[in-house]
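Note: the block below is entry_28.pdb and it holds PDB, C-alpha atoms, pLDDT in the B column.
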```pdb
ATOM      1  CA  MET W   1     -24.596   2.538  -8.507  1.00 64.00           C
ATOM      2  CA  THR W   2     -23.949   1.194  -5.024  1.00 74.00           C
ATOM      3  CA  HIS W   3     -20.460   1.157  -3.669  1.00 86.00           C
ATOM      4  CA  GLN W   4     -18.856  -2.004  -2.436  1.00 93.00           C
ATOM      5  CA  VAL W   5     -16.830  -2.331   0.743  1.00 95.00           C
ATOM      6  CA  HIS W   6     -14.502  -5.334   0.705  1.00 97.00           C
ATOM      7  CA  ALA W   7     -13.831  -5.802   4.427  1.00 97.00           C
ATOM      8  CA  PHE W   8     -11.253  -8.215   5.827  1.00 97.00           C
ATOM      9  CA  GLU W   9     -11.183  -7.862   9.607  1.00 94.00           C
ATOM     10  CA  PRO W  10      -8.665  -9.528   9.832  1.00 95.00           C
ATOM     11  CA  PRO W  11      -7.490 -10.961   6.500  1.00 97.00           C
ATOM     12  CA  GLU W  12      -5.743 -14.345   6.268  1.00 97.00           C
ATOM     13  CA  ARG W  13      -3.171 -12.572   4.071  1.00 97.00           C
ATOM     14  CA  PHE W  14      -2.683  -8.916   3.126  1.00 97.00           C
ATOM     15  CA  VAL W  15       0.293  -8.027   0.930  1.00 97.00           C
ATOM     16  CA  ALA W  16       1.644  -5.591  -1.623  1.00 97.00           C
ATOM     17  CA  GLY W  17       2.902  -7.195  -4.816  1.00 97.00           C
ATOM     18  CA  THR W  18       3.510  -6.668  -8.497  1.00 96.00           C
ATOM     19  CA  VAL W  19       2.687  -8.194 -11.842  1.00 95.00           C
ATOM     20  CA  GLY W  20       5.014  -7.714 -14.814  1.00 92.00           C
ATOM     21  CA  PRO W  21       8.750  -7.188 -15.411  1.00 86.00           C
ATOM     22  CA  PRO W  22      10.750  -4.350 -13.755  1.00 81.00           C
ATOM     23  CA  GLY W  23      10.062  -1.100 -15.554  1.00 80.00           C
ATOM     24  CA  ASP W  24       6.601  -2.296 -16.524  1.00 86.00           C
ATOM     25  CA  ARG W  25       5.258  -3.496 -13.174  1.00 91.00           C
ATOM     26  CA  THR W  26       1.694  -2.991 -11.989  1.00 95.00           C
ATOM     27  CA  PHE W  27       1.449  -2.669  -8.202  1.00 97.00           C
ATOM     28  CA  PHE W  28      -1.369  -4.289  -6.221  1.00 98.00           C
ATOM     29  CA  LEU W  29      -2.651  -4.573  -2.685  1.00 98.00           C
ATOM     30  CA  GLN W  30      -4.185  -8.000  -2.216  1.00 98.00           C
ATOM     31  CA  ALA W  31      -6.345  -9.291   0.617  1.00 98.00           C
ATOM     32  CA  ARG W  32      -7.443 -12.896   1.092  1.00 97.00           C
ATOM     33  CA  GLY W  33      -9.831 -14.339   3.634  1.00 97.00           C
ATOM     34  CA  GLY W  34     -13.085 -16.229   4.016  1.00 95.00           C
ATOM     35  CA  GLY W  35     -12.759 -17.763   0.550  1.00 96.00           C
ATOM     36  CA  ARG W  36     -12.513 -14.289  -1.063  1.00 97.00           C
ATOM     37  CA  LEU W  37      -9.595 -12.708  -2.911  1.00 97.00           C
ATOM     38  CA  VAL W  38      -9.552  -8.966  -3.653  1.00 97.00           C
ATOM     39  CA  SER W  39      -6.783  -7.198  -5.618  1.00 98.00           C
ATOM     40  CA  VAL W  40      -6.670  -3.420  -6.099  1.00 98.00           C
ATOM     41  CA  ALA W  41      -4.163  -1.594  -8.334  1.00 97.00           C
ATOM     42  CA  LEU W  42      -2.148   1.405  -7.189  1.00 97.00           C
ATOM     43  CA  GLU W  43       1.000   3.381  -7.977  1.00 94.00           C
ATOM     44  CA  LYS W  44       4.480   2.463  -6.747  1.00 93.00           C
ATOM     45  CA  VAL W  45       4.685   5.792  -4.879  1.00 93.00           C
ATOM     46  CA  GLN W  46       1.447   4.904  -3.031  1.00 96.00           C
ATOM     47  CA  VAL W  47       2.913   1.575  -1.844  1.00 96.00           C
ATOM     48  CA  SER W  48       6.044   3.382  -0.639  1.00 95.00           C
ATOM     49  CA  LEU W  49       4.003   6.099   1.090  1.00 96.00           C
ATOM     50  CA  LEU W  50       1.699   3.512   2.697  1.00 97.00           C
ATOM     51  CA  ALA W  51       4.679   1.681   4.256  1.00 96.00           C
ATOM     52  CA  GLU W  52       6.119   4.981   5.519  1.00 96.00           C
ATOM     53  CA  LYS W  53       2.802   6.209   6.979  1.00 96.00           C
ATOM     54  CA  LEU W  54       2.081   2.824   8.627  1.00 97.00           C
ATOM     55  CA  GLU W  55       5.474   3.004  10.364  1.00 95.00           C
ATOM     56  CA  GLU W  56       4.603   6.530  11.606  1.00 95.00           C
ATOM     57  CA  LEU W  57       1.159   5.343  12.737  1.00 96.00           C
ATOM     58  CA  LEU W  58       2.653   2.466  14.783  1.00 95.00           C
ATOM     59  CA  SER W  59       5.199   4.804  16.408  1.00 94.00           C
ATOM     60  CA  GLU W  60       2.484   7.322  17.260  1.00 94.00           C
ATOM     61  CA  ALA W  61       0.224   4.586  18.700  1.00 94.00           C
ATOM     62  CA  GLN W  62       3.098   3.400  20.865  1.00 93.00           C
ATOM     63  CA  ARG W  63       3.912   6.944  22.011  1.00 94.00           C
ATOM     64  CA  ARG W  64       0.332   8.076  22.676  1.00 93.00           C
ATOM     65  CA  PHE W  65      -1.379   4.892  23.831  1.00 90.00           C
ATOM     66  CA  GLY W  66       1.495   2.690  25.042  1.00 91.00           C
ATOM     67  CA  VAL W  67       0.788   0.028  22.432  1.00 89.00           C
ATOM     68  CA  LYS W  68       3.394  -2.745  22.530  1.00 87.00           C
ATOM     69  CA  LEU W  69       5.087  -3.086  19.162  1.00 84.00           C
ATOM     70  CA  PRO W  70       7.056  -6.019  17.789  1.00 77.00           C
ATOM     71  CA  GLU W  71      10.762  -5.171  17.437  1.00 72.00           C
ATOM     72  CA  THR W  72      10.860  -5.464  13.661  1.00 63.00           C
ATOM     73  CA  GLY W  73       9.139  -7.592  11.075  1.00 51.00           C
ATOM     74  CA  PRO W  74      10.351 -11.178  10.785  1.00 53.00           C
ATOM     75  CA  VAL W  75      13.415 -11.642   8.634  1.00 59.00           C
ATOM     76  CA  GLY W  76      12.307 -12.991   5.275  1.00 63.00           C
ATOM     77  CA  GLY W  77       8.575 -12.803   5.901  1.00 76.00           C
ATOM     78  CA  ASP W  78       6.016 -13.469   3.163  1.00 85.00           C
ATOM     79  CA  ASN W  79       7.842 -13.373  -0.172  1.00 86.00           C
ATOM     80  CA  ASP W  80       5.370 -15.534  -2.082  1.00 92.00           C
ATOM     81  CA  PRO W  81       3.907 -14.143  -5.304  1.00 94.00           C
ATOM     82  CA  LEU W  82       0.407 -12.673  -5.342  1.00 96.00           C
ATOM     83  CA  ASP W  83      -2.411 -15.202  -5.287  1.00 96.00           C
ATOM     84  CA  THR W  84      -3.945 -15.830  -8.699  1.00 94.00           C
ATOM     85  CA  PRO W  85      -6.048 -14.819 -10.449  1.00 94.00           C
ATOM     86  CA  VAL W  86      -5.012 -11.168  -9.988  1.00 96.00           C
ATOM     87  CA  ASP W  87      -8.233  -9.454 -11.111  1.00 96.00           C
ATOM     88  CA  GLU W  88      -8.178  -5.693 -10.545  1.00 97.00           C
ATOM     89  CA  GLU W  89     -11.269  -4.742  -8.504  1.00 96.00           C
ATOM     90  CA  PHE W  90     -10.509  -1.009  -8.838  1.00 97.00           C
ATOM     91  CA  ARG W  91      -7.635   1.512  -8.967  1.00 97.00           C
ATOM     92  CA  VAL W  92      -6.787   3.174  -5.640  1.00 96.00           C
ATOM     93  CA  GLY W  93      -7.163   6.948  -5.408  1.00 95.00           C
ATOM     94  CA  THR W  94      -6.849   7.515  -1.654  1.00 95.00           C
ATOM     95  CA  LEU W  95      -5.390   5.541   1.230  1.00 96.00           C
ATOM     96  CA  GLY W  96      -6.835   6.068   4.686  1.00 95.00           C
ATOM     97  CA  LEU W  97      -5.179   4.847   7.884  1.00 96.00           C
ATOM     98  CA  ALA W  98      -6.449   4.757  11.428  1.00 95.00           C
ATOM     99  CA  PHE W  99      -5.483   3.122  14.703  1.00 95.00           C
ATOM    100  CA  ASP W 100      -8.346   1.582  16.668  1.00 94.00           C
ATOM    101  CA  VAL W 101      -7.333   1.897  20.330  1.00 93.00           C
ATOM    102  CA  ASP W 102     -10.096  -0.420  21.605  1.00 94.00           C
ATOM    103  CA  THR W 103      -8.881  -3.401  19.586  1.00 94.00           C
ATOM    104  CA  GLU W 104      -5.246  -2.224  19.205  1.00 94.00           C
ATOM    105  CA  THR W 105      -5.465  -2.750  15.462  1.00 96.00           C
ATOM    106  CA  VAL W 106      -4.483  -0.765  12.403  1.00 97.00           C
ATOM    107  CA  VAL W 107      -7.275  -0.064   9.914  1.00 97.00           C
ATOM    108  CA  ILE W 108      -6.219   0.483   6.291  1.00 97.00           C
ATOM    109  CA  GLU W 109      -8.706   1.677   3.692  1.00 97.00           C
ATOM    110  CA  ALA W 110      -7.878   1.751   0.002  1.00 97.00           C
ATOM    111  CA  ILE W 111     -10.521   3.895  -1.692  1.00 96.00           C
ATOM    112  CA  ALA W 112     -11.227   3.820  -5.426  1.00 96.00           C
ATOM    113  CA  VAL W 113     -10.321   6.724  -7.664  1.00 93.00           C
ATOM    114  CA  GLY W 114     -13.251   9.158  -7.841  1.00 83.00           C
ATOM    115  CA  GLU W 115     -14.544  10.928 -10.935  1.00 63.00           C
ATOM    116  CA  ALA W 116     -12.774  14.217 -10.077  1.00 52.00           C
ATOM    117  CA  GLU W 117      -9.483  12.418  -9.423  1.00 47.00           C
ATOM    118  CA  VAL W 118      -9.570  10.746 -12.827  1.00 41.00           C
ATOM    119  CA  GLU W 119      -9.759  14.122 -14.549  1.00 35.00           C
ATOM    120  CA  VAL W 120      -6.985  15.667 -12.445  1.00 34.00           C
ATOM    121  CA  GLY W 121      -4.786  12.580 -12.729  1.00 35.00           C
ATOM    122  CA  ALA W 122      -4.343  10.040  -9.970  1.00 33.00           C
ATOM    123  CA  ALA W 123      -0.544  10.017 -10.031  1.00 35.00           C
ATOM    124  CA  GLU W 124      -0.312  12.015  -6.811  1.00 39.00           C
ATOM    125  CA  ALA W 125      -0.573   9.655  -3.888  1.00 40.00           C
ATOM    126  CA  ALA W 126      -2.812  10.631  -1.018  1.00 43.00           C
ATOM    127  CA  ALA W 127      -2.712   9.167   2.453  1.00 47.00           C
ATOM    128  CA  GLU W 128      -4.615  10.306   5.482  1.00 50.00           C
ATOM    129  CA  VAL W 129      -3.467   9.215   8.908  1.00 52.00           C
ATOM    130  CA  GLU W 130      -5.770   9.272  11.905  1.00 56.00           C
ATOM    131  CA  LEU W 131      -5.330   8.175  15.481  1.00 57.00           C
ATOM    132  CA  ASP W 132      -8.843   7.558  16.673  1.00 51.00           C
ATOM    133  CA  GLU W 133     -10.389   6.200  19.821  1.00 43.00           C
ATOM    134  CA  SER W 134     -12.716   4.378  17.419  1.00 41.00           C
ATOM    135  CA  ASP W 135     -13.313   4.535  13.708  1.00 40.00           C
ATOM    136  CA  ASP W 136     -16.835   3.256  13.187  1.00 43.00           C
ATOM    137  CA  GLU W 137     -18.502   5.976  11.106  1.00 44.00           C
ATOM    138  CA  GLU W 138     -19.407   4.695   7.661  1.00 46.00           C
ATOM    139  CA  PRO W 139     -18.179   7.123   5.008  1.00 47.00           C
ATOM    140  CA  ASP W 140     -20.968   8.651   2.981  1.00 48.00           C
ATOM    141  CA  ASP W 141     -19.256   8.772  -0.408  1.00 65.00           C
ATOM    142  CA  ASP W 142     -20.102   6.193  -3.002  1.00 82.00           C
ATOM    143  CA  LEU W 143     -16.679   4.835  -3.911  1.00 92.00           C
ATOM    144  CA  ASP W 144     -15.596   1.206  -3.717  1.00 96.00           C
ATOM    145  CA  ARG W 145     -13.130   0.483  -0.953  1.00 96.00           C
ATOM    146  CA  LEU W 146     -10.976  -2.274   0.478  1.00 97.00           C
ATOM    147  CA  ARG W 147     -10.762  -2.253   4.282  1.00 97.00           C
ATOM    148  CA  VAL W 148      -8.388  -4.420   6.283  1.00 98.00           C
ATOM    149  CA  ARG W 149      -7.764  -4.563  10.009  1.00 97.00           C
ATOM    150  CA  LEU W 150      -4.290  -5.712  11.064  1.00 97.00           C
ATOM    151  CA  THR W 151      -2.482  -6.385  14.333  1.00 95.00           C
ATOM    152  CA  PRO W 152       0.722  -4.384  14.906  1.00 95.00           C
ATOM    153  CA  GLU W 153       2.683  -7.593  14.087  1.00 93.00           C
ATOM    154  CA  ALA W 154       0.836  -8.086  10.796  1.00 95.00           C
ATOM    155  CA  THR W 155       1.309  -4.385  10.015  1.00 95.00           C
ATOM    156  CA  ARG W 156       5.082  -4.718  10.512  1.00 94.00           C
ATOM    157  CA  GLU W 157       5.114  -7.750   8.190  1.00 94.00           C
ATOM    158  CA  PHE W 158       3.166  -5.772   5.567  1.00 96.00           C
ATOM    159  CA  ILE W 159       5.609  -2.827   5.844  1.00 96.00           C
ATOM    160  CA  GLY W 160       8.634  -5.111   5.392  1.00 94.00           C
ATOM    161  CA  ARG W 161       7.207  -6.778   2.302  1.00 95.00           C
ATOM    162  CA  ALA W 162       5.964  -3.487   0.800  1.00 96.00           C
ATOM    163  CA  ARG W 163       9.479  -2.026   1.090  1.00 94.00           C
ATOM    164  CA  ARG W 164      11.036  -5.125  -0.509  1.00 93.00           C
ATOM    165  CA  VAL W 165       8.528  -4.958  -3.387  1.00 94.00           C
ATOM    166  CA  VAL W 166       9.212  -1.250  -4.020  1.00 91.00           C
ATOM    167  CA  ASN W 167      12.993  -1.762  -3.897  1.00 89.00           C
ATOM    168  CA  ALA W 168      12.907  -4.779  -6.236  1.00 86.00           C
ATOM    169  CA  GLY W 169      12.440  -2.587  -9.304  1.00 79.00           C
ATOM    170  CA  ARG W 170      15.035  -1.157 -11.649  1.00 76.00           C
ATOM    171  CA  PRO W 171      18.157   0.207  -9.934  1.00 77.00           C
ATOM    172  CA  PRO W 172      18.401   4.018  -9.806  1.00 76.00           C
ATOM    173  CA  CYS W 173      20.945   5.977 -11.871  1.00 81.00           C
ATOM    174  CA  PRO W 174      23.740   7.074  -9.485  1.00 81.00           C
ATOM    175  CA  LEU W 175      23.704  10.548 -11.066  1.00 82.00           C
ATOM    176  CA  CYS W 176      20.059  11.521 -11.462  1.00 82.00           C
ATOM    177  CA  GLY W 177      18.176   8.871  -9.456  1.00 75.00           C
ATOM    178  CA  GLN W 178      15.834   7.924 -12.326  1.00 76.00           C
ATOM    179  CA  PRO W 179      15.364   4.185 -12.937  1.00 76.00           C
ATOM    180  CA  LEU W 180      17.978   2.560 -15.174  1.00 77.00           C
ATOM    181  CA  ASP W 181      16.752   0.382 -18.025  1.00 76.00           C
ATOM    182  CA  PRO W 182      18.907  -2.629 -18.987  1.00 72.00           C
ATOM    183  CA  VAL W 183      19.982  -0.639 -22.097  1.00 75.00           C
ATOM    184  CA  GLY W 184      20.832   2.468 -20.037  1.00 72.00           C
ATOM    185  CA  HIS W 185      18.919   5.747 -20.197  1.00 76.00           C
ATOM    186  CA  LEU W 186      19.204   9.349 -21.295  1.00 80.00           C
ATOM    187  CA  CYS W 187      20.561  10.924 -18.134  1.00 83.00           C
ATOM    188  CA  PRO W 188      19.741  14.628 -17.773  1.00 81.00           C
ATOM    189  CA  ARG W 189      23.063  15.030 -15.940  1.00 80.00           C
ATOM    190  CA  HIS W 190      24.922  13.889 -19.092  1.00 74.00           C
ATOM    191  CA  ASN W 191      23.207  16.334 -21.449  1.00 70.00           C
ATOM    192  CA  GLY W 192      21.378  13.508 -23.217  1.00 58.00           C
ATOM    193  CA  TYR W 193      24.306  11.120 -23.695  1.00 58.00           C
ATOM    194  CA  HIS W 194      23.705   7.479 -22.795  1.00 57.00           C
ATOM    195  CA  ARG W 195      25.358   6.254 -19.646  1.00 49.00           C
TER
END
```

Could you write out this file's structure as structure tokens?
Amino acid sequence: MTHQVHAFEPPERFVAGTVGPPGDRTFFLQARGGGRLVSVALEKVQVSLLAEKLEELLSEAQRRFGVKLPETGPVGGDNDPLDTPVDEEFRVGTLGLAFDVDTETVVIEAIAVGEAEVEVGAAEAAAEVELDESDDEEPDDDLDRLRVRLTPEATREFIGRARRVVNAGRPPCPLCGQPLDPVGHLCPRHNGYHR
């Protein structure tokens, strides 16, 4: 089976979003451009980690290569829902990040879960961060992937939205930090009594 690379360099829109009610949300990365729409599913922790690692990548690019960064993402930004239909192309196993110095762009690769990862369980998020002079080698593994190339400004916008999406879930319990359901939850700090 041949692998498919969905490349958007650059996309018209690249966002993190969710489908479903809080507590039962499915997280997606979605890229649109050139009349194509690609949605890939991933875990909430992967979205959170991606935003964090992108922020680190931008800071490192600024420090090492003098890349000019926008102050912060625009207030508000893109808060529109995901484009429909949201058809899951694949589930993300690994996220790869690189900074292309020649074009001063951030390259994000979301790589499908591999056979070994399915057996182990893909709950652990993986993110690799690279700062490369160029990132043109084609990977030799046969997994589907979504590749987007973003400007530092577009990256900041993505980070802002990704953080809003992650934080829009159920509020955390002030005692144990686990998500609170509307009916409360069994808090380990209360020896199993509802709070």

query: Skipping near chain neighbours, those fewer than 2 positions away, what residues fall within 9 Å of W:His6 using all atoms listed in the file, listed as a ChimeraX atom specification?
result: /W:4,8,38,144-148

query: Nearest to W:Val92: which of W:Glu109, W:Glu157, W:Glu56, W:Asp78 is it, counting all atoms listed in the file?
result: W:Glu109

query: Where does the PyMOL selection byres ((chain W and resi 159) around 8) land in this file, that is, which residues does it pick, as a PyMOL selection string?
result: chain W and resi 51-52+54-55+73+155-158+160-163

- request: May I have the residues within 9 Å of stretch 59-67 of chain W as a ChimeraX atom specification, using all atoms listed in the file and disregarding those fewer than 6 positions away in the same chain?
  value: /W:99,101,104,131,152

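Separating atom CA of W:Val47 from atom CA of W:Pro182 is a distance of 23.8 Å.
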
- line: Pairwise distance, atom CA of W:Asp181 with atom CA of W:Gly23, equals 7.3 Å
